>>> print(open('upload_37.txt').read())   # compact mmCIF, C-alpha atoms (C1' of nucleotides)
# COMPACT_ATOMS: atom_id res chain seq x y z
CA MET A 665 118.11 79.48 -40.04
CA GLY A 666 119.40 76.16 -41.23
CA ILE A 667 118.08 73.31 -43.29
CA HIS A 668 116.78 71.36 -40.30
CA ALA A 669 114.37 74.22 -39.61
CA VAL A 670 112.97 73.77 -43.11
CA PHE A 671 112.59 70.05 -42.53
CA GLY A 672 110.99 70.78 -39.16
CA ALA A 673 108.53 73.15 -40.76
CA LEU A 674 107.41 70.51 -43.25
CA ALA A 675 107.37 67.68 -40.71
CA ASP A 676 103.88 68.59 -39.46
CA PRO A 677 101.02 67.28 -41.65
CA THR A 678 99.00 70.47 -41.30
CA ARG A 679 101.92 72.66 -42.32
CA LEU A 680 102.78 70.37 -45.21
CA ALA A 681 99.20 70.62 -46.45
CA ILE A 682 99.31 74.40 -46.16
CA VAL A 683 102.50 74.61 -48.21
CA GLU A 684 101.19 72.23 -50.85
CA ARG A 685 98.05 74.30 -51.19
CA LEU A 686 100.02 77.55 -51.44
CA LEU A 687 102.10 75.99 -54.21
CA ARG A 688 98.98 74.98 -56.11
CA THR A 689 96.90 78.05 -55.51
CA GLY A 690 99.35 80.92 -55.15
CA ASP A 691 98.58 83.75 -52.71
CA LEU A 692 96.13 83.03 -49.92
CA THR A 693 95.03 85.00 -46.84
CA ALA A 694 95.38 83.55 -43.34
CA GLY A 695 91.62 83.07 -43.24
CA GLU A 696 91.52 81.21 -46.53
CA ILE A 697 94.34 78.98 -45.36
CA ALA A 698 92.56 78.20 -42.09
CA ALA A 699 89.12 77.51 -43.63
CA PRO A 700 89.55 73.87 -44.76
CA PHE A 701 91.05 72.77 -41.44
CA GLU A 702 89.20 71.62 -38.37
CA ILE A 703 91.66 73.19 -35.98
CA SER A 704 91.29 76.74 -34.67
CA LYS A 705 92.56 79.88 -36.37
CA PRO A 706 95.11 80.63 -33.67
CA ALA A 707 96.59 77.19 -34.27
CA ILE A 708 96.87 77.90 -38.00
CA SER A 709 98.35 81.30 -37.23
CA ARG A 710 101.11 79.57 -35.29
CA HIS A 711 101.78 77.10 -38.09
CA LEU A 712 102.10 80.01 -40.50
CA LYS A 713 104.61 81.62 -38.19
CA VAL A 714 106.70 78.45 -38.10
CA LEU A 715 106.62 78.24 -41.89
CA GLU A 716 107.56 81.89 -42.20
CA GLU A 717 110.46 81.59 -39.75
CA ALA A 718 111.80 78.60 -41.65
CA GLY A 719 111.70 80.67 -44.84
CA VAL A 720 109.23 78.40 -46.57
CA VAL A 721 106.48 81.01 -46.91
CA GLU A 722 106.39 84.79 -46.85
CA ARG A 723 103.74 87.08 -45.42
CA ARG A 724 102.67 90.51 -46.56
CA VAL A 725 99.95 92.84 -45.32
CA GLU A 726 97.33 93.81 -47.85
CA ARG A 727 94.43 95.88 -46.54
CA GLN A 728 93.09 94.08 -43.49
CA PHE A 729 94.48 90.73 -44.67
CA ARG A 730 97.77 88.93 -44.21
CA VAL A 731 98.54 87.29 -47.52
CA PHE A 732 100.87 84.30 -47.69
CA ARG A 733 102.73 82.66 -50.50
CA ALA A 734 105.30 79.90 -50.85
CA ARG A 735 108.85 81.20 -50.98
CA PRO A 736 111.29 79.82 -53.59
CA GLU A 737 114.35 80.50 -51.42
CA GLY A 738 113.11 78.08 -48.78
CA PHE A 739 112.82 75.36 -51.38
CA ALA A 740 116.19 76.23 -52.87
CA GLN A 741 117.80 75.38 -49.53
CA MET A 742 116.31 71.93 -49.71
CA GLU A 743 117.26 71.47 -53.33
CA ASP A 744 120.85 72.34 -52.49
CA TRP A 745 120.98 69.93 -49.60
CA LEU A 746 119.46 67.16 -51.67
CA GLU A 747 121.80 67.79 -54.55
CA LYS A 748 124.80 67.63 -52.25
CA SER A 749 123.44 64.32 -50.91
CA ARG A 750 122.77 63.00 -54.39
CA GLU A 751 126.45 63.34 -55.21
CA PHE A 752 127.15 60.50 -52.84
CA TRP A 753 124.73 58.16 -54.57
CA ASN A 754 125.92 59.06 -58.02
CA GLY A 755 129.55 58.57 -57.09
CA SER A 756 130.71 61.92 -58.43
CA PHE A 757 132.90 62.36 -55.37
CA ASP A 758 136.03 60.72 -54.05
CA ARG A 759 134.84 57.26 -53.20
CA LEU A 760 138.19 56.24 -51.78
CA GLU A 761 137.49 57.89 -48.46
CA ARG A 762 134.40 55.80 -47.87
CA ILE A 763 136.02 52.54 -48.80
CA LEU A 764 139.02 53.22 -46.60
CA ALA A 765 136.84 54.07 -43.64
CA GLN A 766 135.03 50.75 -44.00
CA GLU A 767 138.20 48.70 -44.41
CA GLU A 768 139.70 50.39 -41.40
CA ARG A 769 136.79 49.43 -39.20
CA ARG A 770 136.71 45.91 -40.53
CA ASP A 771 140.44 45.42 -39.96
CA ALA A 772 140.31 46.70 -36.43
CA LYS A 773 137.63 44.22 -35.40
CA ASP A 774 138.21 41.29 -37.71
CA GLU A 775 141.75 40.36 -36.78
CA MET B 952 105.22 56.01 -44.31
CA GLY B 953 104.72 59.40 -45.90
CA ILE B 954 106.92 62.29 -46.82
CA HIS B 955 106.29 64.22 -43.59
CA ALA B 956 107.91 61.34 -41.68
CA VAL B 957 111.04 61.83 -43.77
CA PHE B 958 110.99 65.55 -43.05
CA GLY B 959 110.41 64.80 -39.38
CA ALA B 960 113.37 62.44 -39.32
CA LEU B 961 115.68 65.10 -40.73
CA ALA B 962 114.26 67.90 -38.57
CA ASP B 963 116.42 67.00 -35.59
CA PRO B 964 120.01 68.32 -35.75
CA THR B 965 121.49 65.12 -34.33
CA ARG B 966 119.67 62.96 -36.83
CA LEU B 967 120.59 65.26 -39.69
CA ALA B 968 124.25 65.04 -38.68
CA ILE B 969 124.02 61.24 -38.52
CA VAL B 970 122.57 61.05 -42.02
CA GLU B 971 125.13 63.45 -43.45
CA ARG B 972 127.92 61.39 -41.93
CA LEU B 973 126.47 58.15 -43.27
CA LEU B 974 126.33 59.70 -46.72
CA ARG B 975 129.97 60.75 -46.52
CA THR B 976 131.37 57.67 -44.85
CA GLY B 977 129.19 54.79 -45.94
CA ASP B 978 128.44 51.96 -43.51
CA LEU B 979 128.85 52.67 -39.81
CA THR B 980 128.01 50.68 -36.68
CA ALA B 981 125.71 52.11 -33.99
CA GLY B 982 128.73 52.60 -31.74
CA GLU B 983 130.69 54.48 -34.39
CA ILE B 984 127.70 56.69 -35.03
CA ALA B 985 127.27 57.45 -31.33
CA ALA B 986 130.96 58.17 -30.63
CA PRO B 987 131.25 61.82 -31.79
CA PHE B 988 128.09 62.90 -29.94
CA GLU B 989 127.86 64.03 -26.36
CA ILE B 990 124.47 62.46 -25.81
CA SER B 991 124.05 58.91 -24.50
CA LYS B 992 123.99 55.76 -26.61
CA PRO B 993 120.35 54.99 -25.83
CA ALA B 994 119.49 58.44 -27.23
CA ILE B 995 121.40 57.72 -30.44
CA SER B 996 119.76 54.31 -30.65
CA ARG B 997 116.36 56.00 -30.64
CA HIS B 998 117.40 58.49 -33.29
CA LEU B 999 118.55 55.61 -35.47
CA LYS B 1000 115.18 53.96 -35.02
CA VAL B 1001 113.39 57.13 -36.14
CA LEU B 1002 115.63 57.38 -39.20
CA GLU B 1003 115.05 53.72 -40.00
CA GLU B 1004 111.27 53.98 -39.64
CA ALA B 1005 111.24 57.00 -41.94
CA GLY B 1006 113.14 54.93 -44.51
CA VAL B 1007 116.15 57.23 -44.53
CA VAL B 1008 118.61 54.63 -43.25
CA GLU B 1009 118.68 50.86 -43.16
CA ARG B 1010 120.05 48.58 -40.50
CA ARG B 1011 121.60 45.16 -40.83
CA VAL B 1012 123.13 42.82 -38.27
CA GLU B 1013 126.74 41.85 -38.86
CA ARG B 1014 128.37 39.80 -36.10
CA GLN B 1015 127.73 41.60 -32.84
CA PHE B 1016 127.25 44.95 -34.61
CA ARG B 1017 124.27 46.74 -36.09
CA VAL B 1018 125.53 48.38 -39.24
CA PHE B 1019 123.70 51.37 -40.69
CA ARG B 1020 123.76 53.02 -44.07
CA ALA B 1021 121.81 55.77 -45.80
CA ARG B 1022 118.99 54.46 -47.94
CA PRO B 1023 118.43 55.85 -51.46
CA GLU B 1024 114.69 55.13 -51.41
CA GLY B 1025 114.20 57.54 -48.53
CA PHE B 1026 115.87 60.28 -50.47
CA ALA B 1027 113.93 59.43 -53.61
CA GLN B 1028 110.70 60.26 -51.77
CA MET B 1029 112.00 63.72 -51.06
CA GLU B 1030 113.27 64.16 -54.60
CA ASP B 1031 109.83 63.30 -55.92
CA TRP B 1032 108.09 65.71 -53.60
CA LEU B 1033 110.52 68.47 -54.43
CA GLU B 1034 110.23 67.89 -58.14
CA LYS B 1035 106.46 68.04 -57.94
CA SER B 1036 106.83 71.32 -56.05
CA ARG B 1037 109.34 72.65 -58.52
CA GLU B 1038 106.76 72.34 -61.28
CA PHE B 1039 104.84 75.18 -59.72
CA TRP B 1040 107.83 77.50 -59.78
CA ASN B 1041 108.80 76.61 -63.29
CA GLY B 1042 105.28 77.07 -64.59
CA SER B 1043 105.08 73.72 -66.35
CA PHE B 1044 101.52 73.27 -65.07
CA ASP B 1045 98.18 74.91 -65.76
CA ARG B 1046 98.73 78.34 -64.33
CA LEU B 1047 95.16 79.39 -65.09
CA GLU B 1048 93.83 77.74 -61.96
CA ARG B 1049 96.04 79.83 -59.72
CA ILE B 1050 95.22 83.10 -61.42
CA LEU B 1051 91.51 82.40 -61.32
CA ALA B 1052 91.64 81.53 -57.63
CA GLN B 1053 93.31 84.85 -56.86
CA GLU B 1054 90.95 86.91 -59.00
CA GLU B 1055 88.00 85.21 -57.38
CA ARG B 1056 89.17 86.12 -53.92
CA ARG B 1057 89.96 89.67 -54.93
CA ASP B 1058 86.54 90.15 -56.57
CA ALA B 1059 84.68 88.84 -53.58
CA LYS B 1060 86.31 91.29 -51.18
CA ASP B 1061 87.08 94.25 -53.41
CA GLU B 1062 83.59 95.15 -54.59
C1' DT C 1069 83.09 106.52 -32.92
C1' DC C 1070 81.06 102.02 -32.61
C1' DT C 1071 80.95 97.66 -34.89
C1' DT C 1072 82.50 94.21 -37.82
C1' DT C 1073 86.10 91.55 -39.91
C1' DA C 1074 90.75 89.50 -39.84
C1' DT C 1075 94.35 87.90 -37.36
C1' DT C 1076 97.56 87.57 -33.62
C1' DT C 1077 99.11 87.22 -28.75
C1' DA C 1078 98.43 85.34 -24.07
C1' DA C 1079 97.57 81.84 -20.71
C1' DC C 1080 97.28 77.41 -20.15
C1' DA C 1081 96.42 72.07 -20.75
C1' DA C 1082 97.58 67.80 -23.16
C1' DA C 1083 100.53 65.17 -26.03
C1' DA C 1084 104.84 64.20 -28.16
C1' DA C 1085 109.81 64.41 -28.37
C1' DC C 1086 114.18 63.94 -26.31
C1' DA C 1087 117.23 62.96 -22.78
C1' DT C 1088 119.09 59.99 -18.84
C1' DG C 1089 120.60 55.82 -16.02
C1' DA C 1090 119.60 51.03 -15.14
C1' DA C 1091 118.41 46.65 -16.74
C1' DA C 1092 117.75 43.36 -20.63
C1' DT C 1093 119.44 41.04 -24.77
C1' DA C 1094 122.66 38.97 -27.67
C1' DA C 1095 126.77 37.55 -29.84
C1' DA C 1096 131.82 36.65 -28.99
C1' DG C 1097 135.81 35.70 -26.40
C1' DT C 1098 138.09 33.16 -22.36
C1' DA D 790 129.67 28.86 -17.85
C1' DC D 791 131.35 33.61 -17.20
C1' DT D 792 132.81 38.01 -18.87
C1' DT D 793 133.17 41.45 -22.20
C1' DT D 794 131.41 44.17 -25.92
C1' DA D 795 127.59 46.20 -28.52
C1' DT D 796 123.20 47.77 -28.53
C1' DT D 797 118.45 48.13 -27.25
C1' DT D 798 114.42 48.46 -24.14
C1' DC D 799 112.43 50.28 -19.85
C1' DA D 800 111.03 53.62 -16.49
C1' DT D 801 111.14 58.19 -15.86
C1' DG D 802 111.80 63.30 -15.97
C1' DT D 803 112.12 67.53 -18.70
C1' DT D 804 111.33 70.34 -22.52
C1' DT D 805 108.94 71.36 -26.81
C1' DT D 806 105.09 71.23 -29.66
C1' DT D 807 100.40 71.58 -30.54
C1' DG D 808 96.07 72.63 -29.42
C1' DT D 809 92.23 75.45 -26.90
C1' DT D 810 89.62 79.70 -25.44
C1' DA D 811 89.74 84.50 -24.24
C1' DA D 812 91.61 88.95 -24.88
C1' DA D 813 94.34 92.27 -27.73
C1' DT D 814 95.29 94.63 -32.11
C1' DA D 815 94.29 96.73 -36.29
C1' DA D 816 92.14 98.13 -40.43
C1' DA D 817 87.53 99.00 -42.68
C1' DG D 818 82.74 100.08 -42.75
C1' DA D 819 78.41 102.18 -40.94
>>> encode(input="upload_37.txt", output="structure tokens")
Amino acid sequence: MGIHAVFGALADPTRLAIVERLLRTGDLTAGEIAAPFEISKPAISRHLKVLEEAGVVERRVERQFRVFRARPEGFAQMEDWLEKSREFWNGSFDRLERILAQEERRDAKDE
Amino acid sequence: MGIHAVFGALADPTRLAIVERLLRTGDLTAGEIAAPFEISKPAISRHLKVLEEAGVVERRVERQFRVFRARPEGFAQMEDWLEKSREFWNGSFDRLERILAQEERRDAKDE
DNA sequence: TCTTTATTTAACAAAAACATGAAATAAAGT
DNA sequence: ACTTTATTTCATGTTTTTGTTAAATAAAGA
């Protein structure tokens, strides 16, 4: 689904709070998730769908409940992206390319 | 500004691509950033503003150009959030709370 | 089977996000 | 001063997101 879907899922404060609670508390039913919020249950249901589609949480049916939990794979995607990004800060990549790109631009305009 | 603003900034595919390019290439002017995209310059300008407000990039004025670069502090926020989350997967926290919460729920409904 | 409990889907309104073209701003070059 | 180059702000339209209430679905209990 792509990393930007994961970011999109966590961009909403309500969804972020849901995920943080699932991380702390483990499995929770849709009803339990909805309870602390002021917004309606259908609204929460939609948020859960967005989180599920992004791969951040997973849903299973247990009796008459839908039980949700945070999903490691969704977080792994983010970890990977962040690690790839971190390489650039740490300099464990070919820095030459960056420097050349900057010089090139500067030369073109400066002379 | 909050972590969900960072997620929101990276949720848009255009913005994500801009950030990834800035990480690879280093400093780029607004015009250079806009060039590879099909969308208009005003649109890119807005995206850059969103990224800046989220703390993911920083802008400086250099001659007649606005030069942008990725900003480590913005990424640090995400690293922190992700590390906090990772604790729950790794189990280096008091797991008792989670188990109790689940048992409690199960007892209440199961009997 | 009728009701209750749990949750989702549907229909729709309001707000936010994203795009565009035109005009404004600002520094640099002539 | 006037023009060019670089970029942003403005006014505006479209699409997406987020929320609401009402109805649909589905399993469990009486």
>>> residues_near_point(input="upload_37.txt", point="(112.8, 63.7, -17.8)", cutoff="12 Å", atoms="all atoms listed in the file", output="PyMOL selection string")
(chain C and resi 1085-1089) or (chain D and resi 800-804)
>>> residues_around(input="upload_37.txt", residues="His955 in chain B", least_positions_apart="3", cutoff="6 Å", atoms="only C-alpha atoms (C1' of nucleotides)", output="list in words")
Ala675 of chain A; Phe958 and Gly959 of chain B
>>> interface_residues(input="upload_37.txt", of="chain B", to="chain C", cutoff="8 Å", atoms="only C-alpha atoms (C1' of nucleotides)", output="list in words")
Ile990, Ser991, Ala994, Arg1014 and Gln1015 of chain B
>>> interface_residues(input="upload_37.txt", of="chain A", to="chain B", cutoff="8 Å", atoms="all atoms listed in the file", output="VMD selection string")
chain A and resid 668 to 672 674 to 677 680 684 687 to 692 736 739 743 746 749 752 to 753 761 to 763 765 to 766
>>> closest_residue(input="upload_37.txt", among="A:Val714, A:Val731, A:Ile682, A:Ala694", to="chain D", atoms="all atoms listed in the file")
A:Val714
>>> closest_atom_pairs(input="upload_37.txt", of="chain D", to="chain A", cutoff="8 Å", atoms="all atoms listed in the file", output="Markdown table")
| residue | atom | partner | partner_atom | distance |
| --- | --- | --- | --- | --- |
| D:DT807 | C1' | A:Ala707 | CA | 7.7 |
| D:DG808 | C1' | A:Ala707 | CA | 6.7 |
| D:DT809 | C1' | A:Ser704 | CA | 7.9 |
| D:DA815 | C1' | A:Gln728 | CA | 7.8 |
| D:DA816 | C1' | A:Gln728 | CA | 5.2 |
| D:DA817 | C1' | A:Gln728 | CA | 7.5 |
>>> calpha_fit_and_write(input="upload_37.txt", fixed="chain B", moving="chain A", output="CSV table (one decimal) with C-alpha atoms, in the coordinates of the input")
chain,number,residue,atom,x,y,z
A,665,MET,CA,105.1,56.1,-44.2
A,666,GLY,CA,104.7,59.4,-45.9
A,667,ILE,CA,106.9,62.3,-46.8
A,668,HIS,CA,106.3,64.2,-43.6
A,669,ALA,CA,107.9,61.4,-41.7
A,670,VAL,CA,111.1,61.8,-43.7
A,671,PHE,CA,111.0,65.6,-43.0
A,672,GLY,CA,110.4,64.8,-39.4
A,673,ALA,CA,113.4,62.5,-39.3
A,674,LEU,CA,115.7,65.1,-40.7
A,675,ALA,CA,114.3,67.9,-38.6
A,676,ASP,CA,116.4,67.0,-35.6
A,677,PRO,CA,120.0,68.3,-35.7
A,678,THR,CA,121.5,65.1,-34.3
A,679,ARG,CA,119.7,63.0,-36.8
A,680,LEU,CA,120.6,65.3,-39.7
A,681,ALA,CA,124.3,65.0,-38.7
A,682,ILE,CA,124.0,61.3,-38.5
A,683,VAL,CA,122.6,61.1,-42.0
A,684,GLU,CA,125.1,63.5,-43.4
A,685,ARG,CA,127.9,61.4,-41.9
A,686,LEU,CA,126.5,58.1,-43.3
A,687,LEU,CA,126.3,59.7,-46.7
A,688,ARG,CA,130.0,60.7,-46.5
A,689,THR,CA,131.3,57.7,-44.8
A,690,GLY,CA,129.1,54.8,-46.0
A,691,ASP,CA,128.4,52.0,-43.5
A,692,LEU,CA,128.8,52.7,-39.8
A,693,THR,CA,128.0,50.7,-36.7
A,694,ALA,CA,125.7,52.1,-34.0
A,695,GLY,CA,128.7,52.6,-31.8
A,696,GLU,CA,130.7,54.5,-34.4
A,697,ILE,CA,127.7,56.7,-35.0
A,698,ALA,CA,127.3,57.4,-31.3
A,699,ALA,CA,131.0,58.1,-30.6
A,700,PRO,CA,131.3,61.8,-31.8
A,701,PHE,CA,128.1,62.9,-29.9
A,702,GLU,CA,127.9,64.0,-26.3
A,703,ILE,CA,124.5,62.4,-25.8
A,704,SER,CA,124.1,58.8,-24.5
A,705,LYS,CA,124.1,55.7,-26.6
A,706,PRO,CA,120.4,54.9,-25.9
A,707,ALA,CA,119.5,58.4,-27.2
A,708,ILE,CA,121.4,57.7,-30.4
A,709,SER,CA,119.8,54.3,-30.6
A,710,ARG,CA,116.4,56.0,-30.6
A,711,HIS,CA,117.4,58.5,-33.3
A,712,LEU,CA,118.6,55.6,-35.5
A,713,LYS,CA,115.2,54.0,-35.0
A,714,VAL,CA,113.4,57.1,-36.1
A,715,LEU,CA,115.6,57.4,-39.2
A,716,GLU,CA,115.0,53.7,-40.0
A,717,GLU,CA,111.3,54.0,-39.6
A,718,ALA,CA,111.2,57.0,-41.9
A,719,GLY,CA,113.1,55.0,-44.5
A,720,VAL,CA,116.1,57.2,-44.5
A,721,VAL,CA,118.6,54.6,-43.2
A,722,GLU,CA,118.7,50.9,-43.1
A,723,ARG,CA,120.0,48.6,-40.5
A,724,ARG,CA,121.6,45.1,-40.8
A,725,VAL,CA,123.1,42.8,-38.3
A,726,GLU,CA,126.7,41.9,-38.9
A,727,ARG,CA,128.4,39.8,-36.2
A,728,GLN,CA,127.7,41.6,-32.9
A,729,PHE,CA,127.2,44.9,-34.6
A,730,ARG,CA,124.3,46.7,-36.1
A,731,VAL,CA,125.5,48.4,-39.3
A,732,PHE,CA,123.7,51.4,-40.7
A,733,ARG,CA,123.7,53.0,-44.1
A,734,ALA,CA,121.8,55.8,-45.8
A,735,ARG,CA,119.0,54.5,-47.9
A,736,PRO,CA,118.4,55.9,-51.4
A,737,GLU,CA,114.7,55.2,-51.4
A,738,GLY,CA,114.2,57.6,-48.5
A,739,PHE,CA,115.9,60.3,-50.5
A,740,ALA,CA,114.0,59.4,-53.6
A,741,GLN,CA,110.7,60.3,-51.8
A,742,MET,CA,112.0,63.7,-51.1
A,743,GLU,CA,113.3,64.2,-54.6
A,744,ASP,CA,109.9,63.3,-55.9
A,745,TRP,CA,108.1,65.7,-53.6
A,746,LEU,CA,110.5,68.5,-54.4
A,747,GLU,CA,110.3,67.9,-58.1
A,748,LYS,CA,106.5,68.0,-58.0
A,749,SER,CA,106.8,71.3,-56.1
A,750,ARG,CA,109.3,72.7,-58.5
A,751,GLU,CA,106.8,72.3,-61.3
A,752,PHE,CA,104.8,75.2,-59.7
A,753,TRP,CA,107.8,77.5,-59.8
A,754,ASN,CA,108.8,76.6,-63.3
A,755,GLY,CA,105.3,77.1,-64.6
A,756,SER,CA,105.1,73.8,-66.4
A,757,PHE,CA,101.6,73.3,-65.1
A,758,ASP,CA,98.2,74.9,-65.8
A,759,ARG,CA,98.7,78.4,-64.4
A,760,LEU,CA,95.1,79.4,-65.1
A,761,GLU,CA,93.8,77.7,-62.0
A,762,ARG,CA,96.0,79.8,-59.7
A,763,ILE,CA,95.2,83.1,-61.4
A,764,LEU,CA,91.5,82.4,-61.3
A,765,ALA,CA,91.6,81.5,-57.6
A,766,GLN,CA,93.3,84.8,-56.9
A,767,GLU,CA,90.9,86.9,-59.0
A,768,GLU,CA,88.0,85.2,-57.4
A,769,ARG,CA,89.1,86.1,-53.9
A,770,ARG,CA,89.9,89.7,-55.0
A,771,ASP,CA,86.5,90.1,-56.6
A,772,ALA,CA,84.6,88.8,-53.6
A,773,LYS,CA,86.2,91.3,-51.3
A,774,ASP,CA,87.0,94.2,-53.5
A,775,GLU,CA,83.6,95.2,-54.7
>>> atom_distance(input="upload_37.txt", atom1="CA of Glu722 in chain A", atom2="CA of Ile697 in chain A")
13.5 Å
>>> atom_distance(input="upload_37.txt", atom1="CA of Gly1006 in chain B", atom2="CA of Glu1024 in chain B")
7.1 Å
>>> atom_distance(input="upload_37.txt", atom1="CA of Glu717 in chain A", atom2="C1' of DA813 in chain D")
22.8 Å
